[in-house]
>>> print(open('my_file36.json').read())   # JSON, C-alpha atoms and all ligand atoms
[["chain", "number", "residue", "atom", "x", "y", "z"],
["A", 1216, "MET", "CA", -18.62, -44.49, 24.06],
["A", 1217, "PRO", "CA", -19.17, -44.68, 27.80],
["A", 1218, "ARG", "CA", -16.96, -42.47, 29.88],
["A", 1219, "ILE", "CA", -16.21, -45.20, 32.42],
["A", 1220, "PRO", "CA", -12.40, -45.25, 32.67],
["A", 1221, "ILE", "CA", -12.12, -48.93, 33.66],
["A", 1222, "LEU", "CA", -14.07, -49.93, 30.54],
["A", 1223, "GLU", "CA", -11.87, -47.87, 28.27],
["A", 1224, "ALA", "CA", -8.73, -49.26, 29.92],
["A", 1225, "GLU", "CA", -9.64, -52.83, 28.94],
["A", 1226, "ASP", "CA", -8.29, -54.23, 25.66],
["A", 1227, "GLU", "CA", -11.26, -56.54, 25.21],
["A", 1228, "PRO", "CA", -14.75, -55.40, 26.19],
["A", 1229, "ARG", "CA", -15.28, -57.33, 29.39],
["A", 1230, "ALA", "CA", -18.53, -56.03, 30.91],
["A", 1231, "ILE", "CA", -21.39, -58.55, 31.02],
["A", 1232, "ASP", "CA", -25.05, -57.65, 30.62],
["A", 1233, "THR", "CA", -26.97, -60.15, 32.77],
["A", 1234, "HIS", "CA", -30.36, -59.34, 31.25],
["A", 1235, "ALA", "CA", -31.08, -59.02, 27.54],
["A", 1236, "HIS", "CA", -34.12, -59.93, 25.45],
["A", 1237, "GLN", "CA", -34.30, -60.41, 21.69],
["A", 1238, "PRO", "CA", -34.58, -57.11, 19.75],
["A", 1239, "THR", "CA", -36.60, -59.06, 17.17],
["A", 1240, "ALA", "CA", -40.26, -59.78, 16.49],
["A", 1241, "GLU", "CA", -39.99, -63.16, 18.25],
["A", 1242, "PHE", "CA", -39.94, -61.39, 21.61],
["A", 1243, "LEU", "CA", -41.25, -57.87, 21.07],
["A", 1244, "ARG", "CA", -44.29, -58.70, 18.93],
["A", 1245, "ASP", "CA", -45.11, -62.42, 19.16],
["A", 1246, "ALA", "CA", -44.37, -63.22, 22.82],
["A", 1247, "GLY", "CA", -44.96, -59.63, 23.96],
["A", 1248, "GLY", "CA", -48.35, -59.17, 22.32],
["A", 1249, "GLU", "CA", -50.66, -56.45, 23.58],
["A", 1250, "MET", "CA", -49.04, -56.25, 27.03],
["A", 1251, "MET", "CA", -45.77, -55.21, 25.34],
["A", 1252, "GLN", "CA", -47.55, -52.54, 23.30],
["A", 1253, "ASP", "CA", -48.98, -51.18, 26.57],
["A", 1254, "ALA", "CA", -45.46, -50.99, 28.01],
["A", 1255, "ALA", "CA", -44.12, -49.20, 24.92],
["A", 1256, "LYS", "CA", -46.97, -46.70, 25.02],
["A", 1257, "LYS", "CA", -46.27, -46.09, 28.72],
["A", 1258, "PHE", "CA", -42.75, -44.95, 27.79],
["A", 1259, "GLY", "CA", -44.03, -42.87, 24.88],
["A", 1260, "THR", "CA", -42.45, -45.04, 22.19],
["A", 1261, "ASP", "CA", -43.40, -47.50, 19.48],
["A", 1262, "ILE", "CA", -42.10, -51.05, 19.05],
["A", 1263, "TYR", "CA", -39.08, -51.23, 16.73],
["A", 1264, "THR", "CA", -37.10, -54.35, 15.88],
["A", 1265, "TRP", "CA", -33.57, -54.96, 14.58],
["A", 1266, "ASP", "CA", -31.16, -57.88, 14.09],
["A", 1267, "TYR", "CA", -28.37, -59.50, 16.12],
["A", 1268, "ASP", "CA", -25.53, -58.02, 14.07],
["A", 1269, "ALA", "CA", -26.78, -54.57, 15.03],
["A", 1270, "MET", "CA", -27.14, -55.70, 18.65],
["A", 1271, "LEU", "CA", -23.58, -57.07, 18.76],
["A", 1272, "GLU", "CA", -22.16, -53.88, 17.29],
["A", 1273, "GLU", "CA", -24.08, -51.75, 19.78],
["A", 1274, "TYR", "CA", -22.74, -53.78, 22.71],
["A", 1275, "HIS", "CA", -19.15, -53.75, 21.54],
["A", 1276, "ASP", "CA", -19.31, -50.00, 20.94],
["A", 1277, "ALA", "CA", -20.49, -49.60, 24.52],
["A", 1278, "GLY", "CA", -17.61, -51.71, 25.91],
["A", 1279, "ILE", "CA", -19.70, -54.80, 26.72],
["A", 1280, "GLY", "CA", -18.33, -58.21, 25.75],
["A", 1281, "ARG", "CA", -21.15, -60.57, 26.64],
["A", 1282, "ALA", "CA", -24.89, -60.64, 27.27],
["A", 1283, "VAL", "CA", -27.26, -63.18, 28.79],
["A", 1284, "MET", "CA", -30.08, -63.67, 26.29],
["A", 1285, "LEU", "CA", -33.27, -64.81, 27.98],
["A", 1286, "GLY", "CA", -35.96, -67.17, 26.75],
["A", 1287, "TRP", "CA", -39.64, -66.51, 27.38],
["A", 1288, "ASP", "CA", -42.70, -68.71, 27.76],
["A", 1289, "ALA", "CA", -45.83, -67.22, 29.34],
["A", 1290, "GLU", "CA", -48.17, -68.99, 26.94],
["A", 1291, "THR", "CA", -50.59, -70.50, 29.48],
["A", 1292, "ASN", "CA", -51.23, -67.23, 31.28],
["A", 1293, "THR", "CA", -51.12, -64.79, 28.35],
["A", 1294, "GLY", "CA", -52.06, -66.88, 25.32],
["A", 1295, "ASN", "CA", -49.02, -65.46, 23.48],
["A", 1296, "PRO", "CA", -46.53, -67.84, 21.85],
["A", 1297, "PRO", "CA", -43.16, -68.40, 23.56],
["A", 1298, "VAL", "CA", -39.74, -67.36, 22.31],
["A", 1299, "PRO", "CA", -38.84, -71.00, 21.59],
["A", 1300, "ASN", "CA", -35.87, -72.47, 23.44],
["A", 1301, "ASP", "CA", -34.60, -73.95, 20.16],
["A", 1302, "TYR", "CA", -34.55, -70.43, 18.73],
["A", 1303, "VAL", "CA", -32.59, -69.09, 21.73],
["A", 1304, "ALA", "CA", -30.06, -71.92, 21.33],
["A", 1305, "GLU", "CA", -29.77, -71.26, 17.58],
["A", 1306, "VAL", "CA", -29.07, -67.55, 18.05],
["A", 1307, "ARG", "CA", -26.62, -68.36, 20.86],
["A", 1308, "ASP", "CA", -24.79, -70.74, 18.49],
["A", 1309, "ASP", "CA", -24.57, -68.01, 15.83],
["A", 1310, "TYR", "CA", -23.08, -65.56, 18.36],
["A", 1311, "SER", "CA", -21.44, -67.93, 20.82],
["A", 1312, "ASP", "CA", -18.61, -65.53, 21.79],
["A", 1313, "PHE", "CA", -21.18, -62.89, 22.68],
["A", 1314, "LEU", "CA", -24.38, -64.53, 23.92],
["A", 1315, "ILE", "CA", -25.09, -66.78, 26.90],
["A", 1316, "GLY", "CA", -28.45, -68.51, 26.34],
["A", 1317, "PHE", "CA", -31.06, -68.96, 29.06],
["A", 1318, "GLY", "CA", -34.18, -71.04, 28.50],
["A", 1319, "GLY", "CA", -37.76, -70.00, 29.19],
["A", 1320, "ILE", "CA", -39.99, -72.54, 30.95],
["A", 1321, "ASP", "CA", -43.73, -72.12, 31.52],
["A", 1322, "PRO", "CA", -44.27, -73.67, 34.99],
["A", 1323, "LEU", "CA", -48.00, -74.05, 34.23],
["A", 1324, "LYS", "CA", -47.33, -76.49, 31.35],
["A", 1325, "ASP", "CA", -47.48, -80.23, 32.01],
["A", 1326, "ASP", "CA", -44.12, -80.87, 30.31],
["A", 1327, "CYS", "CA", -42.16, -78.16, 32.18],
["A", 1328, "ILE", "CA", -39.82, -80.64, 33.91],
["A", 1329, "GLU", "CA", -38.94, -82.42, 30.66],
["A", 1330, "GLU", "CA", -38.47, -79.10, 28.85],
["A", 1331, "ALA", "CA", -36.09, -77.90, 31.59],
["A", 1332, "GLN", "CA", -34.01, -81.06, 31.21],
["A", 1333, "ARG", "CA", -34.04, -80.80, 27.41],
["A", 1334, "CYS", "CA", -32.84, -77.17, 27.57],
["A", 1335, "VAL", "CA", -29.70, -78.11, 29.49],
["A", 1336, "GLU", "CA", -28.98, -81.62, 28.23],
["A", 1337, "ASP", "CA", -29.87, -81.22, 24.53],
["A", 1338, "LEU", "CA", -29.72, -77.49, 23.82],
["A", 1339, "ASP", "CA", -26.82, -76.68, 26.17],
["A", 1340, "LEU", "CA", -28.58, -73.61, 27.55],
["A", 1341, "SER", "CA", -26.87, -72.14, 30.62],
["A", 1342, "GLY", "CA", -29.82, -71.42, 32.93],
["A", 1343, "PHE", "CA", -33.45, -70.33, 33.09],
["A", 1344, "LYS", "CA", -35.46, -67.13, 33.28],
["A", 1345, "PHE", "CA", -38.88, -66.80, 34.93],
["A", 1346, "GLN", "CA", -41.21, -63.81, 34.80],
["A", 1347, "GLN", "CA", -43.72, -64.67, 37.50],
["A", 1348, "ILE", "CA", -46.11, -61.78, 36.76],
["A", 1349, "ALA", "CA", -46.45, -62.55, 33.03],
["A", 1350, "GLN", "CA", -46.43, -66.28, 33.74],
["A", 1351, "GLY", "CA", -49.02, -65.89, 36.51],
["A", 1352, "PHE", "CA", -47.53, -68.15, 39.17],
["A", 1353, "ASP", "CA", -46.31, -68.08, 42.76],
["A", 1354, "PRO", "CA", -42.79, -69.58, 42.89],
["A", 1355, "SER", "CA", -43.24, -70.57, 46.55],
["A", 1356, "ALA", "CA", -46.31, -72.76, 45.78],
["A", 1357, "PRO", "CA", -45.63, -76.46, 46.48],
["A", 1358, "GLU", "CA", -46.72, -77.57, 42.99],
["A", 1359, "HIS", "CA", -43.60, -75.93, 41.53],
["A", 1360, "ASP", "CA", -41.16, -77.51, 43.93],
["A", 1361, "GLU", "CA", -40.26, -80.36, 41.60],
["A", 1362, "LEU", "CA", -39.24, -77.86, 38.93],
["A", 1363, "TRP", "CA", -36.84, -76.10, 41.34],
["A", 1364, "SER", "CA", -35.40, -79.46, 42.45],
["A", 1365, "THR", "CA", -34.89, -80.42, 38.80],
["A", 1366, "ILE", "CA", -33.04, -77.20, 38.01],
["A", 1367, "GLU", "CA", -31.03, -77.52, 41.23],
["A", 1368, "ASP", "CA", -29.97, -81.02, 40.10],
["A", 1369, "LEU", "CA", -29.14, -79.76, 36.60],
["A", 1370, "GLY", "CA", -26.70, -77.39, 38.30],
["A", 1371, "VAL", "CA", -27.59, -74.22, 36.38],
["A", 1372, "PRO", "CA", -28.69, -70.82, 37.74],
["A", 1373, "VAL", "CA", -32.13, -69.21, 37.51],
["A", 1374, "VAL", "CA", -33.16, -65.61, 36.96],
["A", 1375, "PHE", "CA", -36.44, -64.60, 38.60],
["A", 1376, "HIS", "CA", -38.20, -61.35, 37.85],
["A", 1377, "GLY", "CA", -38.24, -58.95, 40.82],
["A", 1378, "GLY", "CA", -40.79, -56.18, 41.51],
["A", 1379, "ASN", "CA", -43.55, -54.57, 39.51],
["A", 1380, "SER", "CA", -43.85, -54.91, 35.74],
["A", 1381, "THR", "CA", -44.62, -52.41, 32.99],
["A", 1382, "LEU", "CA", -46.21, -55.15, 30.88],
["A", 1383, "GLY", "CA", -49.88, -54.31, 30.54],
["A", 1384, "ALA", "CA", -49.32, -50.91, 32.15],
["A", 1385, "GLY", "CA", -52.27, -48.53, 31.98],
["A", 1386, "SER", "CA", -54.68, -51.00, 30.39],
["A", 1387, "PRO", "CA", -57.91, -51.95, 32.20],
["A", 1388, "GLY", "CA", -56.99, -54.57, 34.80],
["A", 1389, "GLY", "CA", -53.37, -54.42, 33.60],
["A", 1390, "ARG", "CA", -54.30, -57.17, 31.08],
["A", 1391, "GLY", "CA", -55.11, -59.40, 34.02],
["A", 1392, "LEU", "CA", -51.49, -59.58, 35.23],
["A", 1393, "LYS", "CA", -50.99, -59.72, 39.02],
["A", 1394, "ILE", "CA", -48.15, -57.73, 40.53],
["A", 1395, "LYS", "CA", -48.07, -59.78, 43.76],
["A", 1396, "TYR", "CA", -46.18, -62.55, 41.96],
["A", 1397, "GLY", "CA", -43.23, -60.16, 41.59],
["A", 1398, "ASN", "CA", -42.71, -59.92, 45.35],
["A", 1399, "PRO", "CA", -39.20, -61.22, 46.09],
["A", 1400, "MET", "CA", -40.36, -62.68, 49.42],
["A", 1401, "LEU", "CA", -41.88, -65.53, 47.35],
["A", 1402, "ILE", "CA", -38.36, -66.28, 46.06],
["A", 1403, "ASP", "CA", -36.97, -66.39, 49.59],
["A", 1404, "ASP", "CA", -38.93, -69.62, 50.18],
["A", 1405, "VAL", "CA", -37.42, -71.19, 47.04],
["A", 1406, "ALA", "CA", -33.92, -70.13, 48.09],
["A", 1407, "ALA", "CA", -34.38, -71.55, 51.61],
["A", 1408, "GLU", "CA", -35.62, -74.91, 50.38],
["A", 1409, "HIS", "CA", -33.06, -75.22, 47.55],
["A", 1410, "PRO", "CA", -29.72, -74.07, 48.96],
["A", 1411, "ASP", "CA", -27.78, -75.35, 45.94],
["A", 1412, "LEU", "CA", -29.95, -73.41, 43.49],
["A", 1413, "GLN", "CA", -28.16, -70.21, 42.44],
["A", 1414, "ILE", "CA", -30.74, -67.43, 42.10],
["A", 1415, "LEU", "CA", -30.49, -64.01, 40.49],
["A", 1416, "ILE", "CA", -33.37, -61.63, 41.23],
["A", 1417, "ALA", "CA", -33.58, -59.37, 38.19],
["A", 1418, "HIS", "CA", -34.14, -55.62, 38.62],
["A", 1419, "PRO", "CA", -34.28, -53.45, 41.74],
["A", 1420, "ALA", "CA", -37.57, -55.02, 42.94],
["A", 1421, "PHE", "CA", -39.74, -51.89, 43.24],
["A", 1422, "PRO", "CA", -41.66, -51.47, 45.56],
["A", 1423, "TRP", "CA", -39.96, -54.27, 47.52],
["A", 1424, "GLU", "CA", -36.30, -53.25, 47.26],
["A", 1425, "LYS", "CA", -35.78, -53.51, 51.04],
["A", 1426, "GLN", "CA", -37.07, -57.09, 51.11],
["A", 1427, "GLN", "CA", -34.83, -57.92, 48.16],
["A", 1428, "LEU", "CA", -31.75, -56.47, 49.89],
["A", 1429, "ALA", "CA", -32.58, -58.44, 53.05],
["A", 1430, "ILE", "CA", -32.88, -61.70, 51.08],
["A", 1431, "CYS", "CA", -29.62, -61.10, 49.18],
["A", 1432, "GLN", "CA", -27.90, -60.40, 52.49],
["A", 1433, "GLN", "CA", -29.28, -63.44, 54.32],
["A", 1434, "LYS", "CA", -29.24, -66.06, 51.54],
["A", 1435, "GLY", "CA", -25.82, -67.05, 50.24],
["A", 1436, "ASN", "CA", -27.42, -68.35, 47.03],
["A", 1437, "VAL", "CA", -29.34, -65.17, 46.08],
["A", 1438, "TYR", "CA", -27.97, -62.30, 43.97],
["A", 1439, "MET", "CA", -29.52, -59.34, 42.18],
["A", 1440, "ASP", "CA", -28.98, -57.17, 39.13],
["A", 1441, "LEU", "CA", -29.62, -53.52, 38.30],
["A", 1442, "SER", "CA", -31.47, -54.13, 35.04],
["A", 1443, "GLY", "CA", -34.77, -52.58, 34.03],
["A", 1444, "TRP", "CA", -33.96, -49.22, 35.61],
["A", 1445, "LEU", "CA", -31.75, -46.42, 34.39],
["A", 1446, "PRO", "CA", -29.23, -45.63, 37.17],
["A", 1447, "LYS", "CA", -30.75, -42.18, 37.67],
["A", 1448, "TYR", "CA", -33.92, -43.81, 39.01],
["A", 1449, "ILE", "CA", -32.45, -46.66, 41.08],
["A", 1450, "ASP", "CA", -33.34, -46.54, 44.77],
["A", 1451, "GLU", "CA", -30.57, -44.88, 46.87],
["A", 1452, "GLN", "CA", -30.46, -47.73, 49.36],
["A", 1453, "VAL", "CA", -29.94, -50.28, 46.57],
["A", 1454, "LEU", "CA", -26.93, -48.30, 45.31],
["A", 1455, "HIS", "CA", -25.59, -47.99, 48.86],
["A", 1456, "TYR", "CA", -25.82, -51.76, 49.40],
["A", 1457, "ALA", "CA", -24.28, -52.41, 45.96],
["A", 1458, "GLY", "CA", -21.16, -50.57, 47.09],
["A", 1459, "THR", "CA", -20.96, -52.06, 50.60],
["A", 1460, "VAL", "CA", -22.57, -55.19, 52.12],
["A", 1461, "LEU", "CA", -23.70, -56.59, 48.76],
["A", 1462, "LYS", "CA", -20.66, -55.61, 46.70],
["A", 1463, "ASP", "CA", -20.05, -59.25, 45.72],
["A", 1464, "LYS", "CA", -23.69, -59.83, 44.79],
["A", 1465, "VAL", "CA", -24.97, -57.00, 42.58],
["A", 1466, "MET", "CA", -24.57, -57.15, 38.80],
["A", 1467, "PHE", "CA", -25.01, -54.92, 35.80],
["A", 1468, "GLY", "CA", -27.94, -55.59, 33.47],
["A", 1469, "THR", "CA", -29.96, -53.54, 31.01],
["A", 1470, "ASP", "CA", -33.24, -55.22, 30.00],
["A", 1471, "TYR", "CA", -32.33, -54.75, 26.35],
["A", 1472, "PRO", "CA", -33.85, -53.63, 24.03],
["A", 1473, "MET", "CA", -36.09, -51.62, 26.37],
["A", 1474, "ILE", "CA", -33.00, -50.05, 27.94],
["A", 1475, "ARG", "CA", -29.94, -49.49, 25.74],
["A", 1476, "PRO", "CA", -26.45, -50.28, 27.06],
["A", 1477, "GLU", "CA", -24.73, -47.02, 26.22],
["A", 1478, "LYS", "CA", -27.40, -44.95, 27.95],
["A", 1479, "TRP", "CA", -27.30, -47.16, 31.05],
["A", 1480, "LEU", "CA", -23.50, -46.98, 31.29],
["A", 1481, "ASP", "CA", -23.45, -43.22, 30.75],
["A", 1482, "GLN", "CA", -25.90, -42.77, 33.62],
["A", 1483, "PHE", "CA", -23.96, -45.25, 35.78],
["A", 1484, "GLU", "CA", -20.93, -43.00, 35.43],
["A", 1485, "GLU", "CA", -22.91, -39.81, 35.94],
["A", 1486, "TYR", "CA", -25.19, -40.74, 38.85],
["A", 1487, "THR", "CA", -23.17, -43.22, 40.92],
["A", 1488, "ASP", "CA", -19.91, -42.84, 42.75],
["A", 1489, "PHE", "CA", -18.40, -46.32, 43.17],
["A", 1490, "SER", "CA", -14.70, -47.10, 43.51],
["A", 1491, "ASP", "CA", -13.00, -48.79, 40.53],
["A", 1492, "GLU", "CA", -13.00, -52.01, 42.57],
["A", 1493, "VAL", "CA", -16.78, -51.94, 43.00],
["A", 1494, "GLU", "CA", -17.40, -50.88, 39.38],
["A", 1495, "ARG", "CA", -15.42, -53.90, 38.21],
["A", 1496, "LYS", "CA", -17.44, -56.17, 40.50],
["A", 1497, "ILE", "CA", -20.76, -54.79, 39.28],
["A", 1498, "LEU", "CA", -19.84, -54.63, 35.59],
["A", 1499, "TRP", "CA", -18.25, -58.08, 35.23],
["A", 1500, "GLU", "CA", -16.53, -59.78, 38.16],
["A", 1501, "ASN", "CA", -19.69, -60.76, 40.05],
["A", 1502, "ALA", "CA", -21.29, -62.04, 36.84],
["A", 1503, "GLU", "CA", -18.17, -64.03, 35.90],
["A", 1504, "THR", "CA", -18.43, -65.77, 39.28],
["A", 1505, "PHE", "CA", -22.23, -66.25, 39.18],
["A", 1506, "PHE", "CA", -22.36, -67.58, 35.61],
["A", 1507, "GLY", "CA", -19.14, -69.57, 36.00],
["A", 1508, "LEU", "CA", -17.36, -67.87, 33.08],
["A", 1601, "ZN", "ZN", -36.54, -58.33, 31.20]]
>>> encode(input="my_file36.json", output="structure tokens")
Amino acid sequence: MPRIPILEAEDEPRAIDTHAHQPTAEFLRDAGGEMMQDAAKKFGTDIYTWDYDAMLEEYHDAGIGRAVMLGWDAETNTGNPPVPNDYVAEVRDDYSDFLIGFGGIDPLKDDCIEEAQRCVEDLDLSGFKFQQIAQGFDPSAPEHDELWSTIEDLGVPVVFHGGNSTLGAGSPGGRGLKIKYGNPMLIDDVAAEHPDLQILIAHPAFPWEKQQLAICQQKGNVYMDLSGWLPKYIDEQVLHYAGTVLKDKVMFGTDYPMIRPEKWLDQFEEYTDFSDEVERKILWENAETFFGL
């Protein structure tokens, strides 16, 4: 159990993980392919899979009540199959008290606009996740503008990847993936042109954390989460902003199953020094507001 007093004081686990992937073969092996094996090797581990009952139990044991489960479609750029949006919706339906489902849209596919509409109108998914490095696209490019307008009109939030990626790490050419697409400055353009689009930049955006903090400060519609990094390694300035000027904008996330909730929360307690008020904001209040829960 985490040693965070405010979590233990709650009757119901209330913390919200803004960033979780499937711990199953659909994501880790099929969609992840060789670039995921590179990432696992980088961290000195192998790829293991388990089911959603085990995931749910792990979260509840850690004091977390809900998780945003993200879809994935980088098929055009990587050749790997997507985690289908119908699958995400199915799993969400099976665990509807626990999971919030986000669709994955490949912006390089001809039917991306229709698929975005179908995700919200037919599948009742709650938002979208993009991983610009794996998907190989620049979100500020004019050809994607119609997609952002569509999502803005649908009235659901988007999660963009922020910063470098460990996918393909160490392999020759990094499996062809281009880090530049993870620069949050490309998201600033989208935020400026779509003021009603609510944007969450996932992860402290190494090596562009300063740019990310500037965007979150200047754009009312841009937020960030702390996923993908164990608290011990999060940039000092990010933590400082999370407790001060951005205290209403920074959220807790893991990047499950690559980072496990109990370990993240243990380190959050050990390596950060936030007031109870700020811990509550980071662990659930800001997410409740952002996701409209
Ligand atoms: Zn992720």
>>> residues_near_ligand(input="my_file36.json", ligand="ligand ZN 1601 (chain A)", cutoff="8 Å", atoms="only C-alpha atoms and all ligand atoms", output="list in words")
His1234, Ala1235, His1236, Leu1285, His1376, Ala1417, Ser1442, Gly1443, Asp1470 and Tyr1471 of chain A
>>> atom_distance(input="my_file36.json", atom1="atom CA of A:Asp1245", atom2="atom CA of A:Val1298")
7.9 Å
>>> atom_distance(input="my_file36.json", atom1="atom CA of A:Phe1317", atom2="atom CA of A:Gly1370")
13.2 Å
>>> atom_distance(input="my_file36.json", atom1="atom CA of A:Gly1468", atom2="atom CA of A:Ala1356")
28.0 Å
>>> residues_around(input="my_file36.json", residues="A:Leu1480", least_positions_apart="6", cutoff="12 Å", atoms="all atoms listed in the file", output="PyMOL selection string")
chain A and resi 1216-1222+1230-1232+1274+1276-1279+1441-1442+1444-1447+1467-1469+1474+1486-1487+1494+1497-1498
>>> residues_around(input="my_file36.json", residues="stretch 1305-1310 of chain A", least_positions_apart="4", cutoff="10 Å", atoms="all atoms listed in the file", output="PDB file with C-alpha atoms, in the coordinates of the input")
ATOM      1  CA  GLN A1237     -34.300 -60.410  21.690  1.00  0.00           C
ATOM      2  CA  TYR A1267     -28.370 -59.500  16.120  1.00  0.00           C
ATOM      3  CA  ASP A1268     -25.530 -58.020  14.070  1.00  0.00           C
ATOM      4  CA  LEU A1271     -23.580 -57.070  18.760  1.00  0.00           C
ATOM      5  CA  ARG A1281     -21.150 -60.570  26.640  1.00  0.00           C
ATOM      6  CA  VAL A1283     -27.260 -63.180  28.790  1.00  0.00           C
ATOM      7  CA  MET A1284     -30.080 -63.670  26.290  1.00  0.00           C
ATOM      8  CA  PRO A1299     -38.840 -71.000  21.590  1.00  0.00           C
ATOM      9  CA  ASN A1300     -35.870 -72.470  23.440  1.00  0.00           C
ATOM     10  CA  ASP A1301     -34.600 -73.950  20.160  1.00  0.00           C
ATOM     11  CA  LEU A1314     -24.380 -64.530  23.920  1.00  0.00           C
ATOM     12  CA  ILE A1315     -25.090 -66.780  26.900  1.00  0.00           C
ATOM     13  CA  GLY A1316     -28.450 -68.510  26.340  1.00  0.00           C
ATOM     14  CA  PHE A1317     -31.060 -68.960  29.060  1.00  0.00           C
ATOM     15  CA  LEU A1338     -29.720 -77.490  23.820  1.00  0.00           C
ATOM     16  CA  ASP A1339     -26.820 -76.680  26.170  1.00  0.00           C
ATOM     17  CA  LEU A1340     -28.580 -73.610  27.550  1.00  0.00           C
TER      18      LEU A1340
END
>>> closest_residue(input="my_file36.json", among="A:Asn1295, A:Thr1365, A:Thr1260, A:Ser1311", to="A:Ala1282", atoms="all atoms listed in the file")
A:Ser1311
>>> axis_aligned_box(input="my_file36.json", around="stretch 1489-1492 of chain A", padding_each_side="6 Å", output="lines of an AutoDock Vina configuration file")
center_x = -15.7
center_y = -49.2
center_z = 42.0
size_x = 17.4
size_y = 17.7
size_z = 15.0
>>> closest_residue(input="my_file36.json", among="A:Val1374, A:Met1270, A:Met1473, A:Ile1394", to="A:Ile1320", atoms="only C-alpha atoms")
A:Val1374
>>> residues_around(input="my_file36.json", residues="stretch 1450-1453 of chain A", least_positions_apart="6", cutoff="12 Å", atoms="all atoms listed in the file", output="list in words")
His1418, Pro1419, Ala1420, Phe1421, Pro1422, Trp1423, Glu1424, Lys1425, Gln1426, Gln1427, Leu1428, Ala1429, Cys1431, Gln1432, Met1439, Asp1440, Leu1441, Trp1444, Thr1459, Val1460, Leu1461, Lys1462, Lys1464, Val1465, Met1466, Tyr1486, Thr1487 and Asp1488 of chain A
>>> write_last_selection(input="my_file36.json", atoms="C-alpha atoms", output="JSON list (two decimals), in the frame of the given file")
[["chain", "number", "residue", "atom", "x", "y", "z"],
["A", 1418, "HIS", "CA", -34.14, -55.62, 38.62],
["A", 1419, "PRO", "CA", -34.28, -53.45, 41.74],
["A", 1420, "ALA", "CA", -37.57, -55.02, 42.94],
["A", 1421, "PHE", "CA", -39.74, -51.89, 43.24],
["A", 1422, "PRO", "CA", -41.66, -51.47, 45.56],
["A", 1423, "TRP", "CA", -39.96, -54.27, 47.52],
["A", 1424, "GLU", "CA", -36.30, -53.25, 47.26],
["A", 1425, "LYS", "CA", -35.78, -53.51, 51.04],
["A", 1426, "GLN", "CA", -37.07, -57.09, 51.11],
["A", 1427, "GLN", "CA", -34.83, -57.92, 48.16],
["A", 1428, "LEU", "CA", -31.75, -56.47, 49.89],
["A", 1429, "ALA", "CA", -32.58, -58.44, 53.05],
["A", 1431, "CYS", "CA", -29.62, -61.10, 49.18],
["A", 1432, "GLN", "CA", -27.90, -60.40, 52.49],
["A", 1439, "MET", "CA", -29.52, -59.34, 42.18],
["A", 1440, "ASP", "CA", -28.98, -57.17, 39.13],
["A", 1441, "LEU", "CA", -29.62, -53.52, 38.30],
["A", 1444, "TRP", "CA", -33.96, -49.22, 35.61],
["A", 1459, "THR", "CA", -20.96, -52.06, 50.60],
["A", 1460, "VAL", "CA", -22.57, -55.19, 52.12],
["A", 1461, "LEU", "CA", -23.70, -56.59, 48.76],
["A", 1462, "LYS", "CA", -20.66, -55.61, 46.70],
["A", 1464, "LYS", "CA", -23.69, -59.83, 44.79],
["A", 1465, "VAL", "CA", -24.97, -57.00, 42.58],
["A", 1466, "MET", "CA", -24.57, -57.15, 38.80],
["A", 1486, "TYR", "CA", -25.19, -40.74, 38.85],
["A", 1487, "THR", "CA", -23.17, -43.22, 40.92],
["A", 1488, "ASP", "CA", -19.91, -42.84, 42.75]]
>>> closest_residue(input="my_file36.json", among="A:Glu1290, A:Asp1226, A:Glu1336, A:Asp1312", to="A:Leu1508", atoms="only C-alpha atoms")
A:Asp1312
>>> closest_residue(input="my_file36.json", among="A:Ala1255, A:Val1373, A:Ile1430, A:Ala1406", to="A:Phe1505", atoms="only C-alpha atoms")
A:Val1373
>>> residues_around(input="my_file36.json", residues="A:Leu1243", least_positions_apart="5", cutoff="9 Å", atoms="only C-alpha atoms", output="ChimeraX atom specification")
/A:1236-1238,1248,1251-1252,1262-1264
>>> residues_around(input="my_file36.json", residues="A:Val1371", least_positions_apart="3", cutoff="12 Å", atoms="all atoms listed in the file", output="NGL selection string")
:A and (1316-1318 or 1331-1332 or 1334-1336 or 1339-1344 or 1363-1368 or 1374 or 1411-1415 or 1505-1507)
>>> closest_residue(input="my_file36.json", among="A:Thr1293, A:Glu1272, A:Gly1247, A:Lys1324", to="A:Leu1362", atoms="all atoms listed in the file")
A:Lys1324
>>> closest_residue(input="my_file36.json", among="A:Asp1266, A:Ala1349, A:Ala1289, A:Tyr1438", to="A:Gly1383", atoms="only C-alpha atoms")
A:Ala1349
